[in-house]
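This is query_11.cif. It holds mmCIF, C-alpha atoms.
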```
data_work
#
loop_
_atom_site.group_PDB
_atom_site.id
_atom_site.type_symbol
_atom_site.label_atom_id
_atom_site.label_comp_id
_atom_site.auth_asym_id
_atom_site.auth_seq_id
_atom_site.Cartn_x
_atom_site.Cartn_y
_atom_site.Cartn_z
ATOM 1 C CA MET F 1 -84.587 -67.057 -166.164
ATOM 2 C CA ALA F 2 -83.550 -63.853 -164.426
ATOM 3 C CA LEU F 3 -84.735 -63.247 -160.903
ATOM 4 C CA ASP F 4 -86.699 -60.098 -160.148
ATOM 5 C CA ASP F 5 -85.425 -57.553 -157.636
ATOM 6 C CA ILE F 6 -87.646 -58.728 -154.802
ATOM 7 C CA GLU F 7 -86.598 -62.372 -155.222
ATOM 8 C CA ILE F 8 -82.967 -61.338 -155.212
ATOM 9 C CA MET F 9 -83.339 -59.244 -152.057
ATOM 10 C CA GLU F 10 -85.217 -62.036 -150.271
ATOM 11 C CA ARG F 11 -82.425 -64.456 -151.129
ATOM 12 C CA VAL F 12 -79.765 -61.929 -150.130
ATOM 13 C CA GLN F 13 -81.543 -61.548 -146.787
ATOM 14 C CA ARG F 14 -81.349 -65.337 -146.396
ATOM 15 C CA GLY F 15 -77.590 -65.261 -146.901
ATOM 16 C CA GLU F 16 -77.012 -65.506 -150.671
ATOM 17 C CA HIS F 17 -75.006 -62.281 -150.612
ATOM 18 C CA SER F 18 -73.371 -62.753 -154.011
ATOM 19 C CA LEU F 19 -76.760 -62.225 -155.686
ATOM 20 C CA PHE F 20 -76.603 -58.571 -154.679
ATOM 21 C CA ASP F 21 -74.112 -58.112 -157.534
ATOM 22 C CA GLU F 22 -77.022 -58.596 -159.960
ATOM 23 C CA LEU F 23 -78.779 -55.573 -158.472
ATOM 24 C CA VAL F 24 -75.593 -53.546 -158.718
ATOM 25 C CA ASP F 25 -75.260 -54.500 -162.392
ATOM 26 C CA ARG F 26 -78.915 -53.600 -163.050
ATOM 27 C CA TYR F 27 -78.996 -50.232 -161.351
ATOM 28 C CA GLN F 28 -75.472 -48.844 -161.400
ATOM 29 C CA PRO F 29 -75.598 -47.220 -164.876
ATOM 30 C CA THR F 30 -78.814 -45.273 -164.238
ATOM 31 C CA LEU F 31 -77.879 -44.373 -160.664
ATOM 32 C CA LEU F 32 -74.558 -43.093 -161.957
ATOM 33 C CA ARG F 33 -76.220 -40.920 -164.614
ATOM 34 C CA VAL F 34 -78.500 -39.305 -162.038
ATOM 35 C CA ALA F 35 -75.750 -38.845 -159.446
ATOM 36 C CA SER F 36 -73.370 -37.385 -162.059
ATOM 37 C CA SER F 37 -76.007 -34.890 -163.096
ATOM 38 C CA LYS F 38 -76.832 -33.936 -159.521
ATOM 39 C CA LEU F 39 -73.254 -33.753 -158.213
ATOM 40 C CA GLY F 40 -71.586 -32.456 -161.357
ATOM 41 C CA ASP F 41 -68.565 -34.707 -161.056
ATOM 42 C CA THR F 42 -68.196 -38.290 -162.238
ATOM 43 C CA SER F 43 -65.783 -39.361 -159.505
ATOM 44 C CA TRP F 44 -68.049 -37.957 -156.764
ATOM 45 C CA ALA F 45 -71.000 -39.694 -158.403
ATOM 46 C CA GLU F 46 -69.156 -43.012 -158.510
ATOM 47 C CA ASP F 47 -68.373 -42.680 -154.798
ATOM 48 C CA VAL F 48 -71.964 -41.835 -153.882
ATOM 49 C CA VAL F 49 -73.399 -44.667 -156.006
ATOM 50 C CA GLN F 50 -70.999 -47.102 -154.368
ATOM 51 C CA GLU F 51 -72.002 -45.713 -150.976
ATOM 52 C CA ALA F 52 -75.688 -46.198 -151.880
ATOM 53 C CA PHE F 53 -75.131 -49.851 -152.714
ATOM 54 C CA LEU F 54 -73.077 -50.368 -149.556
ATOM 55 C CA ALA F 55 -75.825 -48.727 -147.495
ATOM 56 C CA ALA F 56 -78.487 -50.893 -149.135
ATOM 57 C CA PHE F 57 -76.463 -54.049 -148.575
ATOM 58 C CA SER F 58 -75.690 -53.099 -144.966
ATOM 59 C CA ALA F 59 -79.380 -52.447 -144.328
ATOM 60 C CA ARG F 60 -80.576 -55.493 -146.316
ATOM 61 C CA HIS F 61 -82.307 -56.898 -143.244
ATOM 62 C CA THR F 62 -84.562 -53.805 -143.137
ATOM 63 C CA TYR F 63 -85.718 -54.167 -146.757
ATOM 64 C CA ASN F 64 -89.459 -54.839 -146.938
ATOM 65 C CA SER F 65 -90.418 -56.942 -149.965
ATOM 66 C CA ASP F 66 -93.859 -55.293 -150.023
ATOM 67 C CA PHE F 67 -92.087 -52.399 -151.716
ATOM 68 C CA ALA F 68 -90.005 -52.239 -154.868
ATOM 69 C CA PHE F 69 -86.241 -52.434 -154.500
ATOM 70 C CA HIS F 70 -85.728 -49.664 -157.049
ATOM 71 C CA THR F 71 -87.752 -47.240 -154.922
ATOM 72 C CA TRP F 72 -85.566 -48.068 -151.954
ATOM 73 C CA ILE F 73 -82.241 -47.660 -153.793
ATOM 74 C CA TRP F 74 -83.329 -44.413 -155.502
ATOM 75 C CA THR F 75 -84.372 -42.942 -152.150
ATOM 76 C CA ILE F 76 -81.018 -43.923 -150.658
ATOM 77 C CA LEU F 77 -79.167 -42.378 -153.613
ATOM 78 C CA LEU F 78 -81.048 -39.064 -153.486
ATOM 79 C CA ASN F 79 -80.482 -38.771 -149.740
ATOM 80 C CA LEU F 80 -76.768 -39.517 -150.107
ATOM 81 C CA CYS F 81 -76.439 -36.963 -152.922
ATOM 82 C CA ARG F 82 -78.077 -34.311 -150.725
ATOM 83 C CA ARG F 83 -75.839 -35.233 -147.806
ATOM 84 C CA HIS F 84 -72.741 -35.138 -150.024
ATOM 85 C CA LEU F 85 -73.650 -31.719 -151.407
ATOM 86 C CA GLY F 86 -74.408 -30.438 -147.902
ATOM 87 C CA ARG F 87 -71.041 -31.629 -146.596
ATOM 88 C CA ARG F 88 -69.231 -30.021 -149.493
ATOM 89 C CA LYS F 89 -71.042 -26.725 -148.927
ATOM 90 C CA ARG F 90 -70.317 -26.787 -145.193
ATOM 91 C CA ASN F 91 -66.643 -27.461 -145.842
ATOM 92 C CA ARG F 92 -66.521 -24.556 -148.298
ATOM 93 C CA GLU F 93 -64.877 -26.863 -150.802
ATOM 94 C CA PHE F 94 -67.895 -26.606 -152.986
ATOM 95 C CA SER F 95 -68.668 -23.456 -154.923
ATOM 96 C CA ARG F 96 -70.554 -22.825 -158.127
ATOM 97 C CA SER F 97 -67.372 -21.819 -159.925
ATOM 98 C CA ALA F 98 -65.583 -24.959 -158.711
ATOM 99 C CA LEU F 99 -68.547 -27.066 -159.770
ATOM 100 C CA GLN F 100 -68.563 -25.521 -163.214
ATOM 101 C CA ALA F 101 -64.818 -25.927 -163.561
ATOM 102 C CA SER F 102 -64.950 -29.572 -162.409
ATOM 103 C CA ARG F 103 -67.557 -30.668 -164.924
ATOM 104 C CA THR F 104 -65.749 -32.841 -167.382
ATOM 105 C CA THR F 105 -67.034 -34.889 -170.216
ATOM 106 C CA GLU F 106 -64.804 -37.529 -171.710
ATOM 107 C CA VAL F 107 -64.655 -37.092 -175.441
ATOM 108 C CA PRO F 108 -63.424 -40.122 -177.360
ATOM 109 C CA GLU F 109 -60.869 -39.695 -180.122
ATOM 110 C CA PRO F 110 -62.805 -38.548 -183.176
ATOM 111 C CA ALA F 111 -62.505 -40.507 -186.404
ATOM 112 C CA SER F 112 -62.994 -37.299 -188.397
ATOM 113 C CA PHE F 113 -63.387 -33.559 -187.950
ATOM 114 C CA GLU F 114 -67.194 -33.790 -188.295
ATOM 115 C CA ASN F 115 -67.353 -36.592 -185.751
ATOM 116 C CA GLY F 116 -65.109 -34.620 -183.367
ATOM 117 C CA LEU F 117 -67.237 -31.500 -183.771
ATOM 118 C CA GLN F 118 -70.372 -33.522 -183.034
ATOM 119 C CA HIS F 119 -68.810 -34.864 -179.812
ATOM 120 C CA VAL F 120 -67.778 -31.365 -178.716
ATOM 121 C CA LEU F 121 -71.259 -29.977 -179.386
ATOM 122 C CA GLN F 122 -72.895 -32.858 -177.501
ATOM 123 C CA ALA F 123 -70.550 -32.352 -174.537
ATOM 124 C CA GLU F 124 -71.322 -28.622 -174.513
ATOM 125 C CA SER F 125 -75.069 -29.322 -174.620
ATOM 126 C CA ARG F 126 -74.789 -31.795 -171.718
ATOM 127 C CA GLN F 127 -72.805 -29.264 -169.707
ATOM 128 C CA LEU F 128 -75.365 -26.516 -170.369
ATOM 129 C CA LEU F 129 -78.224 -28.830 -169.400
ATOM 130 C CA THR F 130 -76.501 -29.833 -166.177
ATOM 131 C CA LEU F 131 -75.815 -26.209 -165.257
ATOM 132 C CA GLU F 132 -79.437 -25.267 -165.923
ATOM 133 C CA LEU F 133 -80.708 -28.234 -163.888
ATOM 134 C CA ASP F 134 -78.602 -26.959 -160.984
ATOM 135 C CA ARG F 135 -80.518 -23.669 -161.145
ATOM 136 C CA LEU F 136 -83.938 -25.334 -160.805
ATOM 137 C CA PRO F 137 -85.562 -25.967 -157.439
ATOM 138 C CA GLU F 138 -84.063 -29.216 -156.107
ATOM 139 C CA ALA F 139 -87.340 -31.181 -156.190
ATOM 140 C CA GLN F 140 -87.938 -30.305 -159.845
ATOM 141 C CA ALA F 141 -84.340 -31.007 -160.879
ATOM 142 C CA ASP F 142 -84.333 -34.356 -159.063
ATOM 143 C CA ALA F 143 -87.650 -35.349 -160.644
ATOM 144 C CA ILE F 144 -86.302 -34.517 -164.110
ATOM 145 C CA ARG F 145 -83.079 -36.419 -163.436
ATOM 146 C CA LEU F 146 -85.014 -39.467 -162.272
ATOM 147 C CA ARG F 147 -87.339 -39.313 -165.280
ATOM 148 C CA PHE F 148 -84.795 -38.770 -168.032
ATOM 149 C CA PHE F 149 -81.422 -39.920 -166.680
ATOM 150 C CA GLY F 150 -82.816 -42.654 -164.437
ATOM 151 C CA GLU F 151 -85.611 -43.564 -166.859
ATOM 152 C CA LEU F 152 -88.118 -43.969 -164.012
ATOM 153 C CA LYS F 153 -91.860 -43.956 -164.481
ATOM 154 C CA PHE F 154 -93.850 -41.260 -162.703
ATOM 155 C CA GLN F 155 -95.054 -43.604 -159.958
ATOM 156 C CA GLU F 156 -91.467 -44.695 -159.348
ATOM 157 C CA ILE F 157 -90.425 -41.038 -159.102
ATOM 158 C CA ALA F 158 -93.232 -40.411 -156.620
ATOM 159 C CA ASP F 159 -92.149 -43.393 -154.541
ATOM 160 C CA ALA F 160 -88.467 -42.454 -154.607
ATOM 161 C CA MET F 161 -89.180 -38.815 -153.746
ATOM 162 C CA GLN F 162 -91.857 -39.752 -151.217
ATOM 163 C CA CYS F 163 -94.542 -37.610 -152.799
ATOM 164 C CA SER F 164 -97.835 -38.183 -154.577
ATOM 165 C CA LEU F 165 -98.034 -39.281 -158.205
ATOM 166 C CA ARG F 166 -99.588 -35.918 -159.056
ATOM 167 C CA ALA F 167 -96.755 -34.059 -157.316
ATOM 168 C CA ALA F 168 -94.161 -36.106 -159.230
ATOM 169 C CA LYS F 169 -95.823 -35.268 -162.546
ATOM 170 C CA HIS F 170 -96.052 -31.579 -161.608
ATOM 171 C CA ARG F 171 -92.395 -31.480 -160.568
ATOM 172 C CA VAL F 172 -91.308 -32.889 -163.912
ATOM 173 C CA LYS F 173 -93.705 -30.706 -165.910
ATOM 174 C CA ASN F 174 -92.942 -27.478 -164.067
ATOM 175 C CA GLY F 175 -89.218 -28.201 -164.105
ATOM 176 C CA LEU F 176 -89.282 -28.823 -167.851
ATOM 177 C CA LEU F 177 -91.251 -25.627 -168.445
ATOM 178 C CA LEU F 178 -88.814 -23.577 -166.386
ATOM 179 C CA LEU F 179 -85.858 -25.293 -168.029
ATOM 180 C CA SER F 180 -87.315 -24.610 -171.458
ATOM 181 C CA GLN F 181 -87.864 -20.929 -170.646
ATOM 182 C CA ARG F 182 -84.308 -20.550 -169.380
ATOM 183 C CA LEU F 183 -82.808 -22.331 -172.367
ATOM 184 C CA ASP F 184 -84.930 -20.263 -174.767
ATOM 185 C CA SER F 185 -83.828 -17.022 -173.143
ATOM 186 C CA SER F 186 -80.155 -18.025 -173.298
ATOM 187 C CA THR F 187 -80.199 -18.540 -177.074
#
```

Mind turning this structure into structure tokens?
Amino acid sequence: MALDDIEIMERVQRGEHSLFDELVDRYQPTLLRVASSKLGDTSWAEDVVQEAFLAAFSARHTYNSDFAFHTWIWTILLNLCRRHLGRRKRNREFSRSALQASRTTEVPEPASFENGLQHVLQAESRQLLTLELDRLPEAQADAIRLRFFGELKFQEIADAMQCSLRAAKHRVKNGLLLLSQRLDSST
């Protein structure tokens, strides 16, 4: 029987450090999707996700089991993404044109022309979506990323973003409306 997140963290706090790998395995794929969308670069996202897990492990003694682990790790990830983007902007290494140029989507070898075309169209759609998310207010874009890339429930989004449930729902709704309007006007 699999342990839940809280049981794992309690045991990690008691010294069973190898159990933390289970949390990494559980959360890494969704954290990576959100970070990739927010940062626009897979290698940056991998670094930030790794940094989030290292930060969580380093601060394991501060984890309070009255609260969900996933809320804690999502909050850490969002803060690290913001910090990473801020550093890149301050260093002038980060510009919109560089971000757009650095967005890469790995396309597997197609088995046929139709399959290859489908992969190209999907990659183009993902790139367009990511660019449009970057144009939204940060709170709305983050809420959408958490909802659809991170697959979080609205209460989990509210907890991770440290806002009310109503605010989380409004951020997703308003972000989707604005995104829809922008996508409609671009076609």

Query raised in the report: Counting only C-alpha atoms, what is within 8 Å of Ala139 of chain F, bar same-chain residues fewer than 3 positions away, as a list of chain:residue names?
Result: F:Asp142, F:Ala143, F:Arg171

Query - Contacts of His170 of chain F at 12 Å (only C-alpha atoms; same-chain gap of 6+ positions) as a PyMOL selection string - result: chain F and resi 139-141+143-144+154+157-158+163-164+176-178

Keeping only C-alpha atoms, write those residues as a short mmCIF file (atom, residue, chain, number, x, y, z; two decimals), keeping the file's coordinate frame.
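File written: selection-v9.cif
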```
data_model
loop_
_atom_site.label_atom_id
_atom_site.label_comp_id
_atom_site.auth_asym_id
_atom_site.auth_seq_id
_atom_site.Cartn_x
_atom_site.Cartn_y
_atom_site.Cartn_z
CA ALA F 139 -87.34 -31.18 -156.19
CA GLN F 140 -87.94 -30.30 -159.84
CA ALA F 141 -84.34 -31.01 -160.88
CA ALA F 143 -87.65 -35.35 -160.64
CA ILE F 144 -86.30 -34.52 -164.11
CA PHE F 154 -93.85 -41.26 -162.70
CA ILE F 157 -90.42 -41.04 -159.10
CA ALA F 158 -93.23 -40.41 -156.62
CA CYS F 163 -94.54 -37.61 -152.80
CA SER F 164 -97.84 -38.18 -154.58
CA LEU F 176 -89.28 -28.82 -167.85
CA LEU F 177 -91.25 -25.63 -168.44
CA LEU F 178 -88.81 -23.58 -166.39
#
```

Query raised in the report: If I put a ball of radius 10 Å at (-87.2, -48.0, -153.4) in the file's coordinates, which residues poke into it when counting all atoms listed in the file, written as a list in words?
Result: Tyr63, Asn64, Phe67, Ala68, Phe69, His70, Thr71, Trp72, Ile73, Trp74, Thr75, Ile76, Leu77, Glu156, Ile157, Asp159, Ala160, Met161 and Gln162 of chain F

**Report entry** Which residue of F:Asp5, F:Gly150, F:Ser180, F:Val12 approaches Thr30 of chain F most closely, using only C-alpha atoms
**Finding:** F:Gly150

Query - For atom CA of Leu32 of chain F and atom CA of Gln181 of chain F, the interatomic separation in Å (one decimal) - result: 27.3 Å

Taking all atoms of segment 45-49 of chain F that the file lists, what box with edges along x, y and z, padded by 3 Å per side, do you get, with centre and edge lengths in Å to one decimal, as AutoDock Vina command-line options?
```
--center_x -70.9 --center_y -42.2 --center_z -156.2 --size_x 11.0 --size_y 11.0 --size_z 10.6
```

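Considering the residues F:Val49, F:Met1, F:Gln28, F:Phe57 and counting only C-alpha atoms, Gly15 of chain F has its shortest atom-to-atom contact with F:Phe57.
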
Report task. Could you state which residues are captured by the PyMOL selection byres ((chain F and resi 81) around 12) in this file, as number ranges by chain? Result -> F: 31-32, 34-41, 44-52, 74-80, 82-88, 138, 142

Requested in this report: Would you mind telling me which residue in F:Asn174, F:Leu146, F:Met9, F:Phe53 lies nearest to Asp25 of chain F when using only C-alpha atoms?
Outcome: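 Closest candidate: F:Phe53.
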
Complete the atom set of segment 17-36 of chain F to N, CA and C atoms and return it as a compact mmCIF listing (two decimals), keeping the file's coordinate frame.
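What ended up in out.txt:
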```txt
# COMPACT_ATOMS: atom_id res chain seq x y z
N HIS F 17 -75.49 -63.65 -150.43
CA HIS F 17 -75.01 -62.28 -150.61
C HIS F 17 -74.48 -62.00 -152.02
N SER F 18 -73.94 -62.99 -152.69
CA SER F 18 -73.37 -62.75 -154.01
C SER F 18 -74.44 -62.34 -155.04
N LEU F 19 -75.69 -62.64 -154.77
CA LEU F 19 -76.76 -62.22 -155.69
C LEU F 19 -76.94 -60.71 -155.74
N PHE F 20 -76.47 -60.03 -154.70
CA PHE F 20 -76.60 -58.57 -154.68
C PHE F 20 -75.88 -57.94 -155.86
N ASP F 21 -74.84 -58.62 -156.36
CA ASP F 21 -74.11 -58.11 -157.53
C ASP F 21 -75.04 -57.91 -158.73
N GLU F 22 -76.07 -58.75 -158.86
CA GLU F 22 -77.02 -58.60 -159.96
C GLU F 22 -77.75 -57.26 -159.87
N LEU F 23 -78.10 -56.86 -158.66
CA LEU F 23 -78.78 -55.57 -158.47
C LEU F 23 -77.83 -54.42 -158.78
N VAL F 24 -76.58 -54.58 -158.39
CA VAL F 24 -75.59 -53.55 -158.72
C VAL F 24 -75.49 -53.41 -160.23
N ASP F 25 -75.37 -54.53 -160.93
CA ASP F 25 -75.26 -54.50 -162.39
C ASP F 25 -76.49 -53.87 -163.03
N ARG F 26 -77.67 -54.14 -162.49
CA ARG F 26 -78.92 -53.60 -163.05
C ARG F 26 -79.04 -52.10 -162.87
N TYR F 27 -78.68 -51.62 -161.71
CA TYR F 27 -79.00 -50.23 -161.35
C TYR F 27 -77.83 -49.26 -161.43
N GLN F 28 -76.62 -49.74 -161.44
CA GLN F 28 -75.47 -48.84 -161.40
C GLN F 28 -75.44 -47.83 -162.55
N PRO F 29 -75.67 -48.22 -163.80
CA PRO F 29 -75.60 -47.22 -164.88
C PRO F 29 -76.59 -46.06 -164.71
N THR F 30 -77.83 -46.36 -164.37
CA THR F 30 -78.81 -45.27 -164.24
C THR F 30 -78.58 -44.46 -162.97
N LEU F 31 -78.19 -45.12 -161.88
CA LEU F 31 -77.88 -44.37 -160.66
C LEU F 31 -76.70 -43.43 -160.92
N LEU F 32 -75.73 -43.90 -161.66
CA LEU F 32 -74.56 -43.09 -161.96
C LEU F 32 -74.91 -41.88 -162.82
N ARG F 33 -75.80 -42.06 -163.78
CA ARG F 33 -76.22 -40.92 -164.61
C ARG F 33 -76.89 -39.84 -163.77
N VAL F 34 -77.78 -40.27 -162.88
CA VAL F 34 -78.50 -39.30 -162.04
C VAL F 34 -77.54 -38.63 -161.07
N ALA F 35 -76.69 -39.41 -160.42
CA ALA F 35 -75.75 -38.84 -159.45
C ALA F 35 -74.76 -37.90 -160.13
N SER F 36 -74.30 -38.26 -161.33
CA SER F 36 -73.37 -37.38 -162.06
C SER F 36 -74.03 -36.06 -162.38
```
